[in-house]
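As stored in coords.cif (mmCIF, C-alpha atoms):
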```cif
data_input
loop_
_atom_site.label_atom_id
_atom_site.label_comp_id
_atom_site.auth_asym_id
_atom_site.auth_seq_id
_atom_site.Cartn_x
_atom_site.Cartn_y
_atom_site.Cartn_z
CA MET O 1 109.17 -142.77 -20.61
CA ILE O 2 110.24 -139.73 -22.63
CA ASN O 3 112.01 -136.89 -20.83
CA ILE O 4 111.71 -133.22 -21.73
CA PHE O 5 114.54 -131.08 -20.35
CA LEU O 6 113.94 -127.33 -20.23
CA ALA O 7 116.88 -124.90 -20.49
CA GLY O 8 116.00 -121.24 -20.10
CA ASP O 9 115.57 -118.14 -17.96
CA SER O 10 113.03 -116.91 -15.40
CA THR O 11 110.18 -116.82 -17.95
CA VAL O 12 110.51 -120.63 -18.06
CA ALA O 13 111.76 -121.35 -14.52
CA SER O 14 109.85 -122.70 -11.54
CA CYS O 15 109.67 -119.85 -9.02
CA PRO O 16 110.20 -120.32 -5.25
CA ARG O 17 107.17 -120.18 -2.94
CA ASN O 18 108.07 -116.77 -1.58
CA GLU O 19 107.61 -115.34 -5.11
CA ALA O 20 104.22 -117.03 -5.75
CA PRO O 21 102.10 -116.59 -7.74
CA MET O 22 105.00 -115.62 -10.03
CA ALA O 23 105.72 -118.59 -12.30
CA GLY O 24 107.53 -119.52 -15.50
CA TRP O 25 105.72 -121.57 -18.14
CA GLY O 26 107.96 -124.54 -17.43
CA GLN O 27 106.49 -124.72 -13.92
CA MET O 28 103.12 -125.62 -15.46
CA PHE O 29 104.39 -127.75 -18.33
CA GLN O 30 104.08 -131.22 -16.77
CA SER O 31 100.32 -130.71 -16.32
CA PHE O 32 99.78 -130.77 -20.11
CA PHE O 33 101.13 -134.33 -20.50
CA THR O 34 100.18 -137.86 -19.56
CA GLU O 35 102.42 -139.89 -17.27
CA GLU O 36 104.52 -141.19 -20.18
CA ILE O 37 106.25 -137.78 -20.32
CA ARG O 38 108.50 -136.45 -17.57
CA VAL O 39 109.38 -132.74 -17.58
CA HIS O 40 112.66 -131.67 -15.94
CA ASN O 41 112.75 -127.89 -15.58
CA PHE O 42 116.37 -126.70 -15.31
CA ALA O 43 115.54 -123.11 -16.32
CA LYS O 44 117.03 -120.57 -13.93
CA GLY O 45 116.14 -116.96 -13.18
CA GLY O 46 118.76 -114.56 -14.55
CA ALA O 47 120.34 -117.15 -16.85
CA SER O 48 121.72 -116.33 -20.27
CA THR O 49 123.04 -118.94 -22.73
CA ASN O 50 126.56 -118.42 -21.42
CA THR O 51 125.86 -118.34 -17.65
CA PHE O 52 123.66 -121.46 -17.92
CA ILE O 53 126.70 -123.23 -19.34
CA GLU O 54 129.11 -121.66 -16.84
CA ILE O 55 127.13 -122.73 -13.76
CA GLY O 56 127.06 -126.29 -15.09
CA TYR O 57 123.36 -126.68 -15.83
CA LEU O 58 123.83 -127.67 -19.47
CA GLY O 59 126.45 -130.22 -18.39
CA ILE O 60 124.01 -131.78 -15.90
CA ILE O 61 121.28 -132.02 -18.57
CA LEU O 62 123.69 -133.64 -21.03
CA ASP O 63 124.77 -136.15 -18.36
CA PHE O 64 121.18 -137.35 -17.97
CA ILE O 65 119.58 -136.89 -21.39
CA GLN O 66 118.89 -140.10 -23.32
CA PRO O 67 118.17 -140.97 -26.96
CA ASN O 68 114.71 -139.72 -28.05
CA ASP O 69 114.49 -137.32 -25.09
CA TYR O 70 113.97 -133.62 -25.82
CA LEU O 71 115.89 -130.47 -24.95
CA PHE O 72 113.74 -127.34 -25.18
CA ILE O 73 115.94 -124.21 -25.34
CA GLN O 74 114.60 -120.69 -24.68
CA PHE O 75 116.96 -117.80 -23.93
CA GLY O 76 117.37 -114.16 -24.95
CA HIS O 77 116.11 -111.95 -22.11
CA ASN O 78 119.37 -112.06 -20.16
CA ASP O 79 121.62 -112.50 -23.17
CA GLN O 80 120.84 -108.81 -23.74
CA LYS O 81 122.55 -107.87 -20.48
CA SER O 82 126.17 -106.86 -19.98
CA PHE O 83 127.17 -110.38 -18.88
CA GLY O 84 125.35 -111.94 -21.85
CA THR O 85 126.08 -112.43 -25.53
CA GLU O 86 125.87 -110.84 -28.98
CA PRO O 87 123.00 -112.11 -31.17
CA PHE O 88 124.74 -113.31 -34.33
CA THR O 89 128.01 -114.46 -32.77
CA THR O 90 128.24 -115.68 -29.17
CA TYR O 91 124.47 -116.25 -28.75
CA GLN O 92 124.36 -118.46 -31.82
CA SER O 93 127.56 -120.33 -30.93
CA ASN O 94 126.25 -121.03 -27.42
CA LEU O 95 122.91 -122.26 -28.77
CA ALA O 96 124.84 -124.53 -31.15
CA GLU O 97 126.54 -126.06 -28.11
CA TYR O 98 123.14 -126.99 -26.65
CA ILE O 99 121.93 -128.33 -29.99
CA ASN O 100 125.05 -130.39 -30.74
CA GLY O 101 125.23 -131.69 -27.16
CA ALA O 102 121.67 -133.02 -27.39
CA ARG O 103 122.16 -134.50 -30.86
CA GLU O 104 125.40 -136.24 -29.89
CA ARG O 105 123.38 -138.12 -27.27
CA GLY O 106 120.59 -139.04 -29.65
CA ALA O 107 118.21 -136.47 -28.14
CA ILE O 108 116.10 -133.92 -29.99
CA PRO O 109 116.76 -130.18 -29.54
CA ILE O 110 113.88 -127.74 -29.98
CA LEU O 111 114.58 -124.00 -30.16
CA ILE O 112 111.99 -121.62 -28.64
CA THR O 113 112.16 -117.89 -29.28
CA SER O 114 111.90 -115.57 -26.28
CA VAL O 115 108.53 -114.51 -24.92
CA HIS O 116 107.68 -110.84 -25.37
CA ARG O 117 107.77 -108.49 -22.43
CA ARG O 118 104.53 -106.59 -21.83
CA ASN O 119 105.52 -103.32 -23.47
CA PHE O 120 102.90 -101.35 -25.42
CA ASP O 121 103.41 -98.04 -27.22
CA GLU O 122 100.99 -95.08 -27.25
CA ASN O 123 99.06 -96.75 -30.10
CA ASN O 124 98.50 -99.88 -27.99
CA CYS O 125 100.91 -101.88 -30.18
CA LEU O 126 103.36 -104.29 -28.62
CA VAL O 127 107.01 -103.18 -28.82
CA ASN O 128 109.79 -105.70 -29.38
CA THR O 129 112.33 -105.24 -26.54
CA LEU O 130 114.41 -108.27 -27.49
CA GLY O 131 116.49 -106.83 -30.32
CA ASP O 132 117.97 -109.32 -32.78
CA TYR O 133 118.01 -112.32 -30.44
CA PRO O 134 114.81 -113.94 -31.81
CA LYS O 135 115.98 -113.33 -35.40
CA ALA O 136 119.39 -114.83 -34.59
CA MET O 137 117.75 -117.95 -33.13
CA MET O 138 115.50 -118.36 -36.19
CA GLN O 139 118.51 -117.98 -38.49
CA LEU O 140 120.41 -120.65 -36.55
CA ALA O 141 117.41 -123.00 -36.58
CA GLU O 142 117.41 -122.83 -40.37
CA LYS O 143 121.17 -123.24 -40.64
CA LEU O 144 121.36 -126.27 -38.35
CA ASP O 145 117.96 -127.71 -39.35
CA VAL O 146 116.50 -127.50 -35.85
CA GLN O 147 112.75 -127.38 -35.27
CA LEU O 148 111.61 -124.10 -33.75
CA ILE O 149 108.58 -122.84 -31.84
CA ASN O 150 108.12 -119.12 -32.44
CA LEU O 151 106.96 -118.09 -28.98
CA LEU O 152 107.77 -114.45 -29.74
CA GLU O 153 105.10 -114.43 -32.43
CA LYS O 154 102.63 -116.43 -30.32
CA THR O 155 102.98 -114.22 -27.24
CA GLU O 156 102.64 -111.11 -29.42
CA LYS O 157 99.27 -112.37 -30.67
CA LEU O 158 98.20 -113.28 -27.12
CA TYR O 159 99.17 -109.95 -25.50
CA GLN O 160 97.83 -107.95 -28.43
CA SER O 161 94.48 -109.78 -28.26
CA LEU O 162 94.15 -108.85 -24.57
CA GLY O 163 95.43 -105.29 -24.98
CA PRO O 164 97.44 -103.14 -22.55
CA GLU O 165 95.00 -103.59 -19.65
CA GLY O 166 93.83 -107.15 -20.23
CA SER O 167 97.38 -108.47 -20.66
CA LYS O 168 98.19 -107.51 -17.05
CA GLN O 169 96.31 -110.67 -15.99
CA LEU O 170 99.17 -112.74 -17.46
CA PHE O 171 101.87 -111.07 -15.37
CA THR O 172 102.89 -110.57 -11.76
CA TRP O 173 100.90 -107.38 -11.54
CA PHE O 174 99.12 -106.79 -8.22
CA ALA O 175 97.83 -103.85 -6.22
CA ALA O 176 98.92 -103.38 -2.59
CA ASN O 177 97.54 -106.10 -0.28
CA GLU O 178 96.19 -108.09 -3.23
CA SER O 179 98.78 -110.88 -2.95
CA PRO O 180 100.39 -111.97 0.35
CA ASN O 181 103.92 -112.16 -1.09
CA TYR O 182 103.62 -108.63 -2.53
CA PRO O 183 102.04 -106.53 0.25
CA ASP O 184 103.22 -103.28 -1.36
CA GLY O 185 101.98 -104.36 -4.79
CA ILE O 186 104.06 -105.16 -7.88
CA GLN O 187 104.05 -104.18 -11.54
CA ASP O 188 106.20 -106.73 -13.36
CA ASN O 189 105.97 -106.79 -17.15
CA THR O 190 108.42 -109.67 -17.63
CA HIS O 191 107.41 -112.42 -15.22
CA PHE O 192 104.15 -114.32 -15.47
CA CYS O 193 101.71 -115.16 -12.73
CA GLU O 194 100.46 -118.77 -12.60
CA HIS O 195 97.56 -118.00 -14.95
CA GLY O 196 99.93 -116.38 -17.47
CA ALA O 197 102.43 -119.21 -17.20
CA ARG O 198 99.65 -121.68 -17.99
CA GLU O 199 98.48 -119.63 -20.98
CA VAL O 200 102.03 -119.42 -22.37
CA GLY O 201 102.49 -123.14 -21.72
CA LYS O 202 99.44 -123.70 -23.93
CA LEU O 203 101.21 -121.79 -26.70
CA VAL O 204 104.23 -124.12 -26.43
CA ILE O 205 101.86 -127.09 -26.66
CA GLU O 206 100.29 -125.47 -29.73
CA GLY O 207 103.80 -125.26 -31.23
CA ILE O 208 104.45 -128.95 -30.47
CA LYS O 209 101.25 -129.84 -32.34
CA GLU O 210 102.16 -127.60 -35.29
CA LEU O 211 105.56 -129.33 -35.56
CA GLN O 212 103.82 -132.70 -35.22
CA LEU O 213 106.43 -133.89 -32.74
CA PRO O 214 106.16 -137.48 -31.49
CA LEU O 215 105.13 -135.94 -28.15
CA VAL O 216 101.64 -135.13 -29.51
CA PRO O 217 99.99 -138.46 -28.52
CA PHE O 218 100.95 -137.79 -24.90
CA ILE O 219 99.31 -134.37 -24.67
CA LYS O 220 96.23 -134.45 -22.45
CA GLY O 221 92.90 -133.69 -24.04
#
```
When written as structure tokens, how does the structure in this file appear?
Amino acid sequence: MINIFLAGDSTVASCPRNEAPMAGWGQMFQSFFTEEIRVHNFAKGGASTNTFIEIGYLGIILDFIQPNDYLFIQFGHNDQKSFGTEPFTTYQSNLAEYINGARERGAIPILITSVHRRNFDENNCLVNTLGDYPKAMMQLAEKLDVQLINLLEKTEKLYQSLGPEGSKQLFTWFAANESPNYPDGIQDNTHFCEHGAREVGKLVIEGIKELQLPLVPFIKG
């Protein structure tokens, strides 16, 4: 049995039933693997690299993680906020804590850049709303020799291929009375619906295959 631990924010997290069909990609992730892989989704809505540590979630993961297990790390959305971090200083030093913690226990850290928000300009081009956080993660991956899945780039291609209208299908975007949990409708350009979470999960699987991780033989299909 190989365990995959997920550390991240709401774009990864499993959403409560009262928010369905809102979902993070981690909620769908187990379905891509055979029974030899066990996914443990610790991602939490609103979490930044620092608050995830402060509330004790990283500590819990490091208590349970075993040699040859994986720690997938995706943050950035909330690190931008006032309670968060600065890209090339505190963000990187926090990420290093996750990486070193996993490595000290014989586990394998994998960095994953933030997913794009659905934000198109007047020319129907996707706008990066994540500042230097993805760049800072990529820089750290190189410095510490950590394998990285560039989900920023992959989600850009996905959203751009669908366009401003078509990309709505990936998100929690419903008209009034279209979804029971959102009777007044909702237009959320950050959080995926179940379909979107599955599509983004496929991109993470694509990244695993590109890196040729030892997890590949356990991917279904």
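Residue nearest O:Leu130 within the list O:Ala43, O:Ile186, O:Leu152, O:Val204: O:Leu152 [criterion: smallest interatomic distance, only C-alpha atoms].
Residue neighbourhood of O:Pro180, excluding near-sequence residues (fewer than 3 positions): Arg17, Asn18, Glu19, Ala20, Pro21, Met22, Phe174, Ala175, Ala176, Asn177, Pro183, Asp184, Gly185 and Ile186 of chain O, at 12 Å, using all atoms listed in the file.
Once O:Leu215 and its same-chain neighbours fewer than 3 positions away are set aside, Ile2, Phe33, Ile37, Ile208, Lys209, Gln212, Phe218 and Ile219 of chain O remain within 9 Å of it when counting only C-alpha atoms.
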Please produce an output containing C-alpha atoms for each residue in the selection, written as a JSON list (two decimals), in the frame of the given file.
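Writing the result to again-v6.json gives the following:
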```
[["chain", "number", "residue", "atom", "x", "y", "z"],
["O", 2, "ILE", "CA", 110.24, -139.73, -22.63],
["O", 33, "PHE", "CA", 101.13, -134.33, -20.50],
["O", 37, "ILE", "CA", 106.25, -137.78, -20.32],
["O", 208, "ILE", "CA", 104.45, -128.95, -30.47],
["O", 209, "LYS", "CA", 101.25, -129.84, -32.34],
["O", 212, "GLN", "CA", 103.82, -132.70, -35.22],
["O", 218, "PHE", "CA", 100.95, -137.79, -24.90],
["O", 219, "ILE", "CA", 99.31, -134.37, -24.67]]
```
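When only C-alpha atoms are used to measure the gap to O:Ile108, the shortest distance among O:Asn3, O:Thr190, O:Ser167, O:Thr49 belongs to O:Asn3.
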Determine the residue set returned by the PyMOL selection byres ((chain O and resi 76) around 6) for the present structure, and present it as number ranges by chain.
-> O: 75, 77-79, 114, 133
Where does the PyMOL selection byres ((chain O and resi 82-87) around 12) land in this file, that is, which residues does it pick, as a ChimeraX atom specification?
-> /O:46-54,75-81,88-95,130-140
The selected residues should be written to file as an mmCIF file, keeping the file's coordinate frame (atoms: C-alpha atoms).
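Just written: part-v5.cif:
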```cif
data_model
loop_
_atom_site.group_PDB
_atom_site.id
_atom_site.type_symbol
_atom_site.label_atom_id
_atom_site.label_comp_id
_atom_site.auth_asym_id
_atom_site.auth_seq_id
_atom_site.Cartn_x
_atom_site.Cartn_y
_atom_site.Cartn_z
ATOM 1 C CA GLY O 46 118.760 -114.560 -14.550
ATOM 2 C CA ALA O 47 120.340 -117.150 -16.850
ATOM 3 C CA SER O 48 121.720 -116.330 -20.270
ATOM 4 C CA THR O 49 123.040 -118.940 -22.730
ATOM 5 C CA ASN O 50 126.560 -118.420 -21.420
ATOM 6 C CA THR O 51 125.860 -118.340 -17.650
ATOM 7 C CA PHE O 52 123.660 -121.460 -17.920
ATOM 8 C CA ILE O 53 126.700 -123.230 -19.340
ATOM 9 C CA GLU O 54 129.110 -121.660 -16.840
ATOM 10 C CA PHE O 75 116.960 -117.800 -23.930
ATOM 11 C CA GLY O 76 117.370 -114.160 -24.950
ATOM 12 C CA HIS O 77 116.110 -111.950 -22.110
ATOM 13 C CA ASN O 78 119.370 -112.060 -20.160
ATOM 14 C CA ASP O 79 121.620 -112.500 -23.170
ATOM 15 C CA GLN O 80 120.840 -108.810 -23.740
ATOM 16 C CA LYS O 81 122.550 -107.870 -20.480
ATOM 17 C CA PHE O 88 124.740 -113.310 -34.330
ATOM 18 C CA THR O 89 128.010 -114.460 -32.770
ATOM 19 C CA THR O 90 128.240 -115.680 -29.170
ATOM 20 C CA TYR O 91 124.470 -116.250 -28.750
ATOM 21 C CA GLN O 92 124.360 -118.460 -31.820
ATOM 22 C CA SER O 93 127.560 -120.330 -30.930
ATOM 23 C CA ASN O 94 126.250 -121.030 -27.420
ATOM 24 C CA LEU O 95 122.910 -122.260 -28.770
ATOM 25 C CA LEU O 130 114.410 -108.270 -27.490
ATOM 26 C CA GLY O 131 116.490 -106.830 -30.320
ATOM 27 C CA ASP O 132 117.970 -109.320 -32.780
ATOM 28 C CA TYR O 133 118.010 -112.320 -30.440
ATOM 29 C CA PRO O 134 114.810 -113.940 -31.810
ATOM 30 C CA LYS O 135 115.980 -113.330 -35.400
ATOM 31 C CA ALA O 136 119.390 -114.830 -34.590
ATOM 32 C CA MET O 137 117.750 -117.950 -33.130
ATOM 33 C CA MET O 138 115.500 -118.360 -36.190
ATOM 34 C CA GLN O 139 118.510 -117.980 -38.490
ATOM 35 C CA LEU O 140 120.410 -120.650 -36.550
#
```
Given the file shown, enumerate the residues that the PyMOL selection byres ((chain O and resi 193) around 10) captures and present them as a ChimeraX atom specification.
-> /O:15,19-25,168-174,188,190-192,194-199
Among O:Asn124, O:Thr113, O:Gln147, O:Gln27, O:Ile99 is approached most closely, using all atoms listed in the file, by O:Gln147
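The interatomic distance for the pair atom CA of O:Gly101 and atom CA of O:Asn150 works out to 21.9 Å.
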Selection: 12 Å around O:Ala107, all atoms listed in the file, excl. self and same-chain fewer than 5 positions, as JSON, numbers by chain = {"O": [2, 3, 4, 5, 61, 62, 63, 64, 65, 66, 67, 68, 69, 70, 71, 72, 98, 99, 100, 101, 102, 146]}
Can you pull out every residue within 12 Å of O:Gly221, counting all atoms listed in the file, but drop anything in the same chain fewer than 2 positions away, and send it as a VMD selection string?
-> chain O and resid 31 to 34 202 205 216 to 219
Restricting the output to C-alpha atoms, write the selected residues as a PDB file, in the coordinates of the input.
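again_39.pdb, freshly written:
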```pdb
ATOM      1  CA  SER O  31     100.320-130.710 -16.320  1.00  0.00           C
ATOM      2  CA  PHE O  32      99.780-130.770 -20.110  1.00  0.00           C
ATOM      3  CA  PHE O  33     101.130-134.330 -20.500  1.00  0.00           C
ATOM      4  CA  THR O  34     100.180-137.860 -19.560  1.00  0.00           C
ATOM      5  CA  LYS O 202      99.440-123.700 -23.930  1.00  0.00           C
ATOM      6  CA  ILE O 205     101.860-127.090 -26.660  1.00  0.00           C
ATOM      7  CA  VAL O 216     101.640-135.130 -29.510  1.00  0.00           C
ATOM      8  CA  PRO O 217      99.990-138.460 -28.520  1.00  0.00           C
ATOM      9  CA  PHE O 218     100.950-137.790 -24.900  1.00  0.00           C
ATOM     10  CA  ILE O 219      99.310-134.370 -24.670  1.00  0.00           C
TER      11      ILE O 219
END
```
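Proximity of O:Ala96, O:Glu35, O:Gly8, O:Met28 to O:Tyr57, computed with only C-alpha atoms, is greatest for O:Gly8.
The residue that comes closest to O:Ile112, out of O:Ile73, O:Ile60, O:Leu158, O:Val12 and on the basis of only C-alpha atoms, is O:Ile73.
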Could you name the residues that touch O:Glu156 at 12 Å or less, counting all atoms listed in the file, but leaving out those on the same chain fewer than 3 positions away, as a PyMOL selection string?
-> chain O and resi 113-120+125-129+150-153+159-164+167+200+203
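The coordinates place atom CA of O:Ala7 at 18.5 Å from atom CA of O:Leu144.
Between O:Thr155 and the candidates O:Leu213, O:Glu206, O:Met1, O:His40, the tightest atom-to-atom separation, counting all atoms listed in the file, involves O:Glu206.
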